[in-house]
>>> print(open('data-v1.cif').read())   # mmCIF, C-alpha atoms and all ligand atoms
data_query
loop_
_atom_site.label_atom_id
_atom_site.label_comp_id
_atom_site.auth_asym_id
_atom_site.auth_seq_id
_atom_site.Cartn_x
_atom_site.Cartn_y
_atom_site.Cartn_z
CA MET M 42 0.00 0.00 0.00
CA GLY M 43 1.21 3.51 -0.83
CA LYS M 44 1.60 6.29 1.70
CA LEU M 45 -1.52 8.05 2.86
CA ALA M 46 -2.00 11.62 1.66
CA PRO M 47 -1.68 14.38 4.26
CA GLU M 48 -4.82 16.18 5.39
CA ILE M 49 -5.63 19.86 5.80
CA THR M 50 -8.28 21.50 7.97
CA LEU M 51 -11.28 23.08 6.25
CA ASN M 52 -13.02 26.31 7.35
CA ASP M 53 -15.60 24.20 9.23
CA GLY M 54 -12.92 22.39 11.26
CA ASN M 55 -13.17 19.08 9.37
CA GLN M 56 -10.10 17.44 7.83
CA ILE M 57 -9.73 16.57 4.12
CA PRO M 58 -6.96 14.56 2.40
CA VAL M 59 -5.11 16.69 -0.16
CA ILE M 60 -5.15 13.79 -2.66
CA GLY M 61 -8.30 11.94 -3.64
CA PHE M 62 -9.37 9.49 -6.29
CA GLY M 63 -11.57 10.62 -9.20
CA THR M 64 -14.23 8.09 -10.14
CA TYR M 65 -15.72 9.59 -13.31
CA LEU M 66 -16.15 6.82 -15.94
CA LEU M 67 -15.52 4.04 -13.40
CA ASN M 68 -18.88 2.28 -13.56
CA GLY M 69 -20.30 -1.19 -12.99
CA ALA M 70 -18.33 -4.25 -11.91
CA SER M 71 -15.08 -3.25 -13.63
CA GLY M 72 -15.30 0.27 -12.19
CA CYS M 73 -15.96 -1.15 -8.74
CA ASN M 74 -12.83 -3.34 -9.01
CA VAL M 75 -10.67 -0.34 -9.97
CA ILE M 76 -12.03 1.76 -7.09
CA THR M 77 -11.55 -1.10 -4.59
CA GLN M 78 -7.91 -1.41 -5.70
CA ALA M 79 -7.42 2.35 -5.39
CA ILE M 80 -8.60 2.20 -1.76
CA GLN M 81 -6.31 -0.78 -1.14
CA ARG M 82 -3.39 1.22 -2.63
CA GLY M 83 -3.95 4.01 -0.10
CA TYR M 84 -6.56 6.42 -1.49
CA ARG M 85 -8.87 7.65 1.27
CA LEU M 86 -10.90 10.32 -0.55
CA LEU M 87 -13.33 9.14 -3.25
CA ASP M 88 -14.79 11.80 -5.52
CA ASP M 89 -18.21 10.90 -6.93
CA ALA M 90 -21.33 12.64 -8.30
CA VAL M 91 -24.93 11.66 -8.92
CA ASN M 92 -24.32 12.31 -12.62
CA TYR M 93 -21.46 9.78 -12.83
CA GLU M 94 -24.14 7.08 -12.30
CA ASN M 95 -21.71 5.03 -10.21
CA GLU M 96 -22.65 5.75 -6.60
CA GLY M 97 -23.53 2.04 -6.37
CA ALA M 98 -20.07 1.01 -7.56
CA VAL M 99 -18.34 3.41 -5.17
CA GLY M 100 -20.45 2.22 -2.22
CA GLU M 101 -19.73 -1.41 -3.08
CA ALA M 102 -15.97 -0.69 -3.39
CA ILE M 103 -16.06 0.91 0.08
CA ARG M 104 -17.59 -2.26 1.54
CA ARG M 105 -15.20 -4.58 -0.32
CA SER M 106 -12.19 -2.56 0.83
CA GLN M 107 -13.12 -3.38 4.45
CA GLN M 108 -11.81 0.01 5.53
CA PRO M 109 -13.63 1.45 8.54
CA ARG M 110 -15.98 4.19 7.35
CA SER M 111 -14.13 6.73 9.51
CA ASN M 112 -10.91 6.14 7.50
CA LEU M 113 -12.58 7.23 4.28
CA PHE M 114 -13.67 10.61 2.94
CA VAL M 115 -16.58 10.33 0.50
CA THR M 116 -17.75 13.14 -1.77
CA SER M 117 -20.78 13.33 -4.04
CA LYS M 118 -22.44 16.15 -5.99
CA LEU M 119 -25.92 17.49 -6.54
CA PRO M 120 -26.92 17.64 -10.23
CA GLY M 121 -28.45 20.74 -11.83
CA ARG M 122 -31.84 19.13 -12.35
CA HIS M 123 -32.36 18.85 -8.57
CA HIS M 124 -31.55 22.35 -7.30
CA GLN M 125 -35.02 22.99 -5.86
CA TYR M 126 -35.03 22.60 -2.07
CA GLN M 127 -37.19 19.47 -1.62
CA ALA M 128 -35.66 17.76 -4.67
CA ALA M 129 -32.17 18.51 -3.36
CA ILE M 130 -32.90 16.98 0.07
CA ALA M 131 -34.38 13.84 -1.55
CA THR M 132 -31.40 13.60 -3.94
CA ILE M 133 -28.91 13.65 -1.06
CA GLN M 134 -30.91 10.93 0.72
CA GLU M 135 -31.07 8.87 -2.51
CA SER M 136 -27.29 9.23 -2.95
CA LEU M 137 -26.81 7.83 0.57
CA PHE M 138 -29.22 4.95 -0.13
CA ARG M 139 -27.37 4.08 -3.34
CA MET M 140 -24.00 4.11 -1.57
CA LYS M 141 -25.46 2.41 1.52
CA LEU M 142 -23.84 5.05 3.72
CA ASP M 143 -25.18 7.09 6.67
CA TYR M 144 -23.38 10.32 5.80
CA PHE M 145 -21.18 12.04 3.24
CA ASP M 146 -17.95 13.73 4.25
CA LEU M 147 -18.56 16.31 1.53
CA TYR M 148 -21.45 17.14 -0.78
CA LEU M 149 -21.08 19.76 -3.52
CA ILE M 150 -23.44 21.65 -5.82
CA HIS M 151 -22.04 20.30 -9.10
CA TRP M 152 -22.58 23.41 -11.28
CA PRO M 153 -24.20 26.77 -10.47
CA ASN M 154 -26.43 26.81 -13.61
CA PRO M 155 -26.88 30.58 -13.23
CA ARG M 156 -29.59 30.94 -15.89
CA GLU M 157 -31.84 28.58 -13.94
CA ASP M 158 -30.92 30.55 -10.82
CA HIS M 159 -31.81 27.94 -8.17
CA TYR M 160 -28.34 27.48 -6.69
CA VAL M 161 -29.09 29.53 -3.54
CA GLU M 162 -32.06 27.24 -2.86
CA ALA M 163 -29.79 24.23 -3.42
CA TRP M 164 -27.30 25.73 -0.97
CA GLN M 165 -30.05 26.12 1.66
CA ALA M 166 -30.83 22.41 1.20
CA LEU M 167 -27.15 21.49 1.74
CA ILE M 168 -27.06 23.64 4.89
CA ALA M 169 -30.16 21.80 6.19
CA ALA M 170 -28.77 18.37 5.26
CA GLN M 171 -25.59 19.22 7.17
CA LYS M 172 -27.70 20.08 10.22
CA PHE M 173 -29.58 16.75 9.92
CA GLY M 174 -26.19 14.96 9.94
CA LEU M 175 -26.39 13.68 6.37
CA ILE M 176 -23.29 15.65 5.32
CA ARG M 177 -20.19 16.67 7.33
CA SER M 178 -18.89 19.43 5.02
CA ILE M 179 -20.74 21.33 2.33
CA GLY M 180 -19.25 22.90 -0.74
CA VAL M 181 -19.60 23.90 -4.34
CA SER M 182 -18.06 23.05 -7.69
CA ASN M 183 -17.48 25.31 -10.67
CA PHE M 184 -18.59 28.39 -8.71
CA LEU M 185 -17.27 31.82 -9.74
CA PRO M 186 -16.74 34.64 -7.22
CA GLU M 187 -20.13 36.18 -8.12
CA HIS M 188 -21.92 32.91 -7.25
CA ILE M 189 -20.11 32.48 -3.93
CA ASP M 190 -20.68 36.13 -3.02
CA ARG M 191 -24.40 35.52 -3.44
CA LEU M 192 -24.37 32.41 -1.24
CA GLU M 193 -22.61 34.40 1.46
CA LYS M 194 -24.95 37.38 1.17
CA GLU M 195 -28.17 35.36 1.14
CA THR M 196 -27.34 32.59 3.64
CA GLY M 197 -24.30 33.80 5.60
CA VAL M 198 -22.65 30.39 5.05
CA LEU M 199 -19.52 30.02 2.94
CA PRO M 200 -18.61 26.72 1.22
CA ALA M 201 -15.77 24.69 2.73
CA VAL M 202 -14.57 23.58 -0.74
CA ASN M 203 -14.75 24.86 -4.32
CA GLN M 204 -13.89 22.09 -6.81
CA ILE M 205 -12.85 23.63 -10.14
CA GLU M 206 -11.18 22.72 -13.43
CA LEU M 207 -7.46 23.23 -12.88
CA HIS M 208 -4.38 22.02 -14.79
CA PRO M 209 -1.32 23.69 -16.36
CA TYR M 210 -3.31 25.14 -19.29
CA TRP M 211 -5.95 26.57 -16.92
CA SER M 212 -4.31 27.39 -13.63
CA GLN M 213 -7.10 29.58 -12.19
CA LYS M 214 -4.91 32.15 -10.46
CA GLN M 215 -7.74 34.59 -9.73
CA GLN M 216 -10.25 31.99 -8.55
CA ARG M 217 -7.59 30.42 -6.32
CA GLN M 218 -6.86 33.82 -4.79
CA TYR M 219 -10.57 34.50 -4.25
CA ASP M 220 -11.05 31.09 -2.60
CA ALA M 221 -7.99 31.61 -0.38
CA ASP M 222 -9.23 35.05 0.70
CA LYS M 223 -12.52 33.44 1.81
CA ASN M 224 -10.72 30.48 3.45
CA ILE M 225 -12.35 28.09 0.94
CA PHE M 226 -10.24 25.07 -0.02
CA THR M 227 -9.74 24.78 -3.80
CA GLN M 228 -9.79 21.27 -5.22
CA ALA M 229 -8.65 20.64 -8.82
CA TRP M 230 -10.76 18.52 -11.16
CA SER M 231 -9.15 17.08 -14.30
CA PRO M 232 -5.81 17.81 -12.58
CA LEU M 233 -4.05 16.00 -15.44
CA GLY M 234 -6.14 17.79 -18.04
CA ARG M 235 -7.83 14.44 -18.62
CA ALA M 236 -4.59 13.17 -20.21
CA SER M 237 -4.81 15.76 -22.99
CA ALA M 238 -1.94 17.48 -24.87
CA VAL M 239 -0.63 18.89 -21.59
CA LEU M 240 1.14 15.54 -20.97
CA GLN M 241 3.23 16.20 -24.12
CA GLU M 242 4.42 19.66 -23.02
CA PRO M 243 8.24 19.78 -23.53
CA VAL M 244 8.70 22.04 -20.48
CA ILE M 245 7.03 19.50 -18.19
CA GLN M 246 8.75 16.57 -19.89
CA GLN M 247 12.14 18.20 -19.25
CA ILE M 248 11.33 18.80 -15.57
CA ALA M 249 10.17 15.17 -15.30
CA LYS M 250 13.45 13.99 -16.79
CA ASN M 251 15.53 16.14 -14.42
CA GLN M 252 13.50 15.05 -11.37
CA GLN M 253 13.30 11.39 -12.51
CA LYS M 254 9.52 11.43 -12.05
CA SER M 255 6.65 10.93 -14.49
CA VAL M 256 5.02 13.88 -16.28
CA GLY M 257 1.83 13.15 -14.34
CA GLN M 258 3.69 13.33 -11.03
CA ILE M 259 5.25 16.69 -11.96
CA ILE M 260 1.85 18.19 -12.80
CA LEU M 261 0.22 16.88 -9.61
CA ARG M 262 3.15 18.08 -7.47
CA TRP M 263 2.86 21.54 -9.09
CA GLU M 264 -0.80 21.61 -8.04
CA LEU M 265 -0.03 20.55 -4.46
CA GLN M 266 2.60 23.30 -4.25
CA LEU M 267 -0.02 25.81 -5.49
CA GLY M 268 -1.94 24.79 -2.36
CA VAL M 269 -4.85 23.00 -4.02
CA GLY M 270 -6.25 19.51 -3.53
CA ILE M 271 -6.18 16.99 -6.40
CA ILE M 272 -8.46 14.11 -7.44
CA PRO M 273 -6.75 12.30 -10.35
CA LYS M 274 -8.50 9.29 -11.87
CA SER M 275 -6.54 6.27 -13.05
CA SER M 276 -7.45 2.71 -13.97
CA SER M 277 -3.80 1.65 -13.91
CA ALA M 278 -2.12 0.24 -10.79
CA LYS M 279 1.16 1.96 -11.63
CA ARG M 280 -0.40 5.37 -12.24
CA GLN M 281 -2.65 5.10 -9.17
CA SER M 282 0.49 4.59 -7.06
CA ASP M 283 2.47 7.29 -8.89
CA ASN M 284 -0.32 9.80 -8.28
CA LEU M 285 -0.13 9.19 -4.52
CA ASN M 286 3.67 9.24 -4.32
CA LEU M 287 4.30 12.96 -4.53
CA PHE M 288 6.10 13.64 -1.27
CA ASP M 289 9.70 12.55 -1.83
CA PHE M 290 10.55 15.46 -4.16
CA SER M 291 9.64 19.10 -4.68
CA LEU M 292 9.68 21.63 -7.51
CA SER M 293 11.93 24.68 -7.31
CA ASN M 294 10.50 28.20 -7.69
CA SER M 295 11.87 28.27 -11.22
CA GLU M 296 10.21 24.93 -12.12
CA MET M 297 6.92 26.16 -10.63
CA GLU M 298 7.18 29.34 -12.68
CA GLN M 299 7.91 27.45 -15.91
CA ILE M 300 4.69 25.47 -15.45
CA ASN M 301 2.75 28.63 -14.44
CA GLN M 302 3.74 30.07 -17.81
CA LEU M 303 1.76 27.34 -19.65
CA ASP M 304 -1.53 28.97 -18.62
CA ARG M 305 -3.60 30.05 -21.66
CA PRO M 306 -6.53 32.43 -22.07
CA ASN M 307 -8.71 29.63 -23.51
CA GLY M 308 -7.13 26.79 -21.60
CA ARG M 309 -10.28 24.99 -20.47
CA ASN M 310 -10.44 21.41 -21.74
CA LYS M 311 -13.99 21.62 -23.09
CA ASN M 312 -14.76 25.32 -22.88
CA GLN M 313 -17.11 24.83 -19.92
CA ASP M 314 -17.36 28.38 -18.60
CA PRO M 315 -19.55 28.27 -15.44
CA ALA M 316 -20.92 31.75 -16.27
CA ILE M 317 -22.61 30.24 -19.34
CA TYR M 318 -22.32 26.45 -19.39
CA GLN M 319 -25.11 24.57 -17.64
CA GLU M 320 -25.27 20.90 -16.70
CA PHE M 321 -28.31 19.03 -15.50
N1 LIG Z 1 -16.73 18.88 -10.55
C1 LIG Z 1 -16.71 18.68 -11.83
O1 LIG Z 1 -17.42 19.35 -12.60
C2 LIG Z 1 -15.80 17.63 -12.39
C3 LIG Z 1 -15.58 17.56 -13.78
C4 LIG Z 1 -14.71 16.58 -14.25
C5 LIG Z 1 -14.08 15.70 -13.37
N2 LIG Z 1 -14.35 15.76 -12.03
C6 LIG Z 1 -13.69 14.83 -11.07
O2 LIG Z 1 -12.30 14.93 -11.25
C7 LIG Z 1 -11.76 13.62 -11.42
C8 LIG Z 1 -10.49 13.68 -12.24
O3 LIG Z 1 -10.69 14.30 -13.49
P1 LIG Z 1 -10.76 13.49 -14.88
O4 LIG Z 1 -11.11 12.08 -14.61
O5 LIG Z 1 -11.60 14.29 -15.79
O6 LIG Z 1 -9.29 13.62 -15.46
P2 LIG Z 1 -7.78 13.50 -14.91
O7 LIG Z 1 -7.75 12.87 -13.57
O8 LIG Z 1 -7.14 14.82 -15.14
O9 LIG Z 1 -7.17 12.53 -15.99
C9 LIG Z 1 -7.54 11.17 -16.08
C10 LIG Z 1 -6.80 10.61 -17.28
O10 LIG Z 1 -5.40 10.70 -17.06
C11 LIG Z 1 -4.79 9.41 -17.15
N3 LIG Z 1 -3.76 9.35 -16.10
C12 LIG Z 1 -3.97 9.19 -14.75
N4 LIG Z 1 -2.81 9.28 -14.09
C13 LIG Z 1 -1.84 9.50 -15.01
C14 LIG Z 1 -0.44 9.68 -14.93
N5 LIG Z 1 0.21 9.65 -13.76
N6 LIG Z 1 0.24 9.88 -16.09
C15 LIG Z 1 -0.42 9.91 -17.27
N7 LIG Z 1 -1.74 9.75 -17.41
C16 LIG Z 1 -2.46 9.55 -16.29
C17 LIG Z 1 -5.92 8.43 -16.97
O11 LIG Z 1 -5.68 7.26 -17.70
P3 LIG Z 1 -5.60 5.81 -16.97
O12 LIG Z 1 -6.94 5.64 -16.30
O13 LIG Z 1 -5.37 4.87 -18.10
O14 LIG Z 1 -4.45 5.90 -16.01
C18 LIG Z 1 -7.11 9.18 -17.56
O15 LIG Z 1 -7.14 9.02 -18.97
C19 LIG Z 1 -12.91 12.87 -12.12
O16 LIG Z 1 -12.71 11.48 -12.14
C20 LIG Z 1 -14.07 13.36 -11.30
O17 LIG Z 1 -14.12 12.64 -10.07
C21 LIG Z 1 -15.19 16.73 -11.54
#
>>> encode(input="data-v1.cif", output="structure tokens", more="lines below")
Ligand SMILES: NC(=O)c1ccc[n+]([C@@H]2O[C@H](COP(=O)([O-])OP(=O)(O)OC[C@H]3O[C@@H](n4cnc5c(N)ncnc54)[C@H](OP(=O)(O)O)[C@@H]3O)[C@@H](O)[C@H]2O)c1
Amino acid sequence: MGKLAPEITLNDGNQIPVIGFGTYLLNGASGCNVITQAIQRGYRLLDDAVNYENEGAVGEAIRRSQQPRSNLFVTSKLPGRHHQYQAAIATIQESLFRMKLDYFDLYLIHWPNPREDHYVEAWQALIAAQKFGLIRSIGVSNFLPEHIDRLEKETGVLPAVNQIELHPYWSQKQQRQYDADKNIFTQAWSPLGRASAVLQEPVIQQIAKNQQKSVGQIILRWELQLGVGIIPKSSSAKRQSDNLNLFDFSLSNSEMEQINQLDRPNGRNKNQDPAIYQEF
């Protein structure tokens, strides 16, 4: 088993591992096997969502792993079609039934869907579900400063986590600064750019060669040194272990800066701008 990832303390006092395991596209029996192995290799945080349609597989992997529930940190996300208050409460309960769990460590609003404009209502449902004990920490995903400002103004409760697209082509300097100013922990989704062209970047390949690490490890280490959490997905035993083994080396300021320079104005993987893009 690999080393366990360190934890940090969220603004609500709960602890979260800085490395988690992404479960998007890991479905059914084969997905369940991969997730079980990831837990056995040392992952403690599992990142799921109602829309991944694999809460059953994740729940089953948790049981097969035989890890005590308290050793694990389980996240799921509320889809856009269930932002209305009563629907949101029922959706959280249904997620728990599918996973066969009593509580989530973290539940996020998956996308703000600002044209629908029900995300404040969804946030009130998460606040209530936290009070009922269904969720330990509540957070958001893909929220821009204007969306979080509204949550704060209308409910007085700030998210503990904002999970956003973040990789070397889209490094989110301003959103990271905003989150840090509000004491919100930023977590990076698609931290490897979903294995896109970023893995071929000569600058990162050179750093990997010098450090005798894989390109994936260099990118993930850069993210940890930016101060964000990461949730890489891998079906491979080798890459699952590599993605956890990020603590026996570090990047110099100059190496960090070289990777910072790869940021692009249109660096999103699929052009999903939360100000416009909606997901249900
Ligand atoms: N909140 C949101 O809106 C949102 C959106 C997207 C994703 N997410 C979450 O974020 C998680 C991670 O994002 P993602 O799955 O989109 O992409 P990702 O983790 O950036 O990339 C996964 C891809 O990278 C490959 N890979 C993994 N480790 C590698 C390494 N060390 N070297 C080279 N290639 C490597 C994987 O292939 P192998 O499997 O073959 O290793 C897979 O093709 C998701 O699973 C999901 O939980 C959230």
>>> residues_near_ligand(input="data-v1.cif", ligand="ligand LIG 1 (chain Z)", cutoff="6 Å", atoms="only C-alpha atoms and all ligand atoms", output="PyMOL selection string")
chain M and resi 63-65+88-89+151+182+204+230-236+257-258+272-277+280+283-284
>>> closest_residue(input="data-v1.cif", among="M:Lys223, M:Arg191, M:His159, M:Arg82", to="M:Arg122", atoms="only C-alpha atoms")
M:His159
>>> residues_near_point(input="data-v1.cif", point="(-18.6, 28.1, -0.7)", cutoff="10 Å", atoms="all atoms listed in the file", output="short mmCIF file (atom, residue, chain, number, x, y, z; two decimals) with C-alpha atoms, in the frame of the given file")
data_model
loop_
_atom_site.label_atom_id
_atom_site.label_comp_id
_atom_site.auth_asym_id
_atom_site.auth_seq_id
_atom_site.Cartn_x
_atom_site.Cartn_y
_atom_site.Cartn_z
CA ASN M 52 -13.02 26.31 7.35
CA LEU M 149 -21.08 19.76 -3.52
CA ILE M 150 -23.44 21.65 -5.82
CA TRP M 164 -27.30 25.73 -0.97
CA ILE M 179 -20.74 21.33 2.33
CA GLY M 180 -19.25 22.90 -0.74
CA VAL M 181 -19.60 23.90 -4.34
CA SER M 182 -18.06 23.05 -7.69
CA PHE M 184 -18.59 28.39 -8.71
CA LEU M 185 -17.27 31.82 -9.74
CA PRO M 186 -16.74 34.64 -7.22
CA HIS M 188 -21.92 32.91 -7.25
CA ILE M 189 -20.11 32.48 -3.93
CA ASP M 190 -20.68 36.13 -3.02
CA ARG M 191 -24.40 35.52 -3.44
CA LEU M 192 -24.37 32.41 -1.24
CA GLU M 193 -22.61 34.40 1.46
CA VAL M 198 -22.65 30.39 5.05
CA LEU M 199 -19.52 30.02 2.94
CA PRO M 200 -18.61 26.72 1.22
CA ALA M 201 -15.77 24.69 2.73
CA VAL M 202 -14.57 23.58 -0.74
CA ASN M 203 -14.75 24.86 -4.32
CA GLN M 204 -13.89 22.09 -6.81
CA ASP M 220 -11.05 31.09 -2.60
CA LYS M 223 -12.52 33.44 1.81
CA ASN M 224 -10.72 30.48 3.45
CA ILE M 225 -12.35 28.09 0.94
CA PHE M 226 -10.24 25.07 -0.02
CA THR M 227 -9.74 24.78 -3.80
#
>>> atom_distance(input="data-v1.cif", atom1="atom CA of M:Glu162", atom2="atom CA of M:Lys118")
15.0 Å
>>> atom_distance(input="data-v1.cif", atom1="atom CA of M:Asp53", atom2="atom CA of M:Asp146")
11.8 Å
>>> atom_distance(input="data-v1.cif", atom1="atom CA of M:Arg262", atom2="atom CA of M:Ile49")
16.0 Å
>>> build_atoms(input="data-v1.cif", residues="stretch 222-235 of chain M", atoms="N, CA and C atoms", output="PDB file, in the coordinates of the input")
ATOM      1  N   ASP M 222      -8.807  33.886  -0.092  1.00  0.00           N
ATOM      2  CA  ASP M 222      -9.230  35.050   0.700  1.00  0.00           C
ATOM      3  C   ASP M 222     -10.451  34.734   1.553  1.00  0.00           C
ATOM      4  N   LYS M 223     -11.298  33.810   1.071  1.00  0.00           N
ATOM      5  CA  LYS M 223     -12.520  33.440   1.810  1.00  0.00           C
ATOM      6  C   LYS M 223     -12.292  32.189   2.670  1.00  0.00           C
ATOM      7  N   ASN M 224     -11.042  31.700   2.691  1.00  0.00           N
ATOM      8  CA  ASN M 224     -10.720  30.480   3.450  1.00  0.00           C
ATOM      9  C   ASN M 224     -11.517  29.269   2.926  1.00  0.00           C
ATOM     10  N   ILE M 225     -11.693  29.229   1.605  1.00  0.00           N
ATOM     11  CA  ILE M 225     -12.350  28.090   0.940  1.00  0.00           C
ATOM     12  C   ILE M 225     -11.238  27.251   0.304  1.00  0.00           C
ATOM     13  N   PHE M 226     -11.278  25.944   0.523  1.00  0.00           N
ATOM     14  CA  PHE M 226     -10.240  25.070  -0.020  1.00  0.00           C
ATOM     15  C   PHE M 226     -10.547  24.780  -1.497  1.00  0.00           C
ATOM     16  N   THR M 227      -9.579  25.049  -2.365  1.00  0.00           N
ATOM     17  CA  THR M 227      -9.740  24.780  -3.800  1.00  0.00           C
ATOM     18  C   THR M 227      -9.274  23.361  -4.097  1.00  0.00           C
ATOM     19  N   GLN M 228     -10.133  22.632  -4.807  1.00  0.00           N
ATOM     20  CA  GLN M 228      -9.790  21.270  -5.220  1.00  0.00           C
ATOM     21  C   GLN M 228      -9.801  21.260  -6.753  1.00  0.00           C
ATOM     22  N   ALA M 229      -8.796  20.625  -7.359  1.00  0.00           N
ATOM     23  CA  ALA M 229      -8.650  20.640  -8.820  1.00  0.00           C
ATOM     24  C   ALA M 229      -9.302  19.428  -9.451  1.00  0.00           C
ATOM     25  N   TRP M 230     -10.273  19.657 -10.353  1.00  0.00           N
ATOM     26  CA  TRP M 230     -10.760  18.520 -11.160  1.00  0.00           C
ATOM     27  C   TRP M 230     -10.046  18.487 -12.503  1.00  0.00           C
ATOM     28  N   SER M 231     -10.012  17.302 -13.119  1.00  0.00           N
ATOM     29  CA  SER M 231      -9.150  17.080 -14.300  1.00  0.00           C
ATOM     30  C   SER M 231      -7.748  17.628 -14.043  1.00  0.00           C
ATOM     31  N   PRO M 232      -7.123  17.238 -12.908  1.00  0.00           N
ATOM     32  CA  PRO M 232      -5.810  17.810 -12.580  1.00  0.00           C
ATOM     33  C   PRO M 232      -4.740  17.446 -13.607  1.00  0.00           C
ATOM     34  N   LEU M 233      -4.988  16.374 -14.378  1.00  0.00           N
ATOM     35  CA  LEU M 233      -4.050  16.000 -15.440  1.00  0.00           C
ATOM     36  C   LEU M 233      -4.584  16.431 -16.810  1.00  0.00           C
ATOM     37  N   GLY M 234      -5.547  17.351 -16.785  1.00  0.00           N
ATOM     38  CA  GLY M 234      -6.140  17.790 -18.040  1.00  0.00           C
ATOM     39  C   GLY M 234      -6.796  16.647 -18.795  1.00  0.00           C
ATOM     40  N   ARG M 235      -7.253  15.665 -18.055  1.00  0.00           N
ATOM     41  CA  ARG M 235      -7.830  14.440 -18.620  1.00  0.00           C
ATOM     42  C   ARG M 235      -6.897  13.827 -19.676  1.00  0.00           C
TER      43      ARG M 235
END
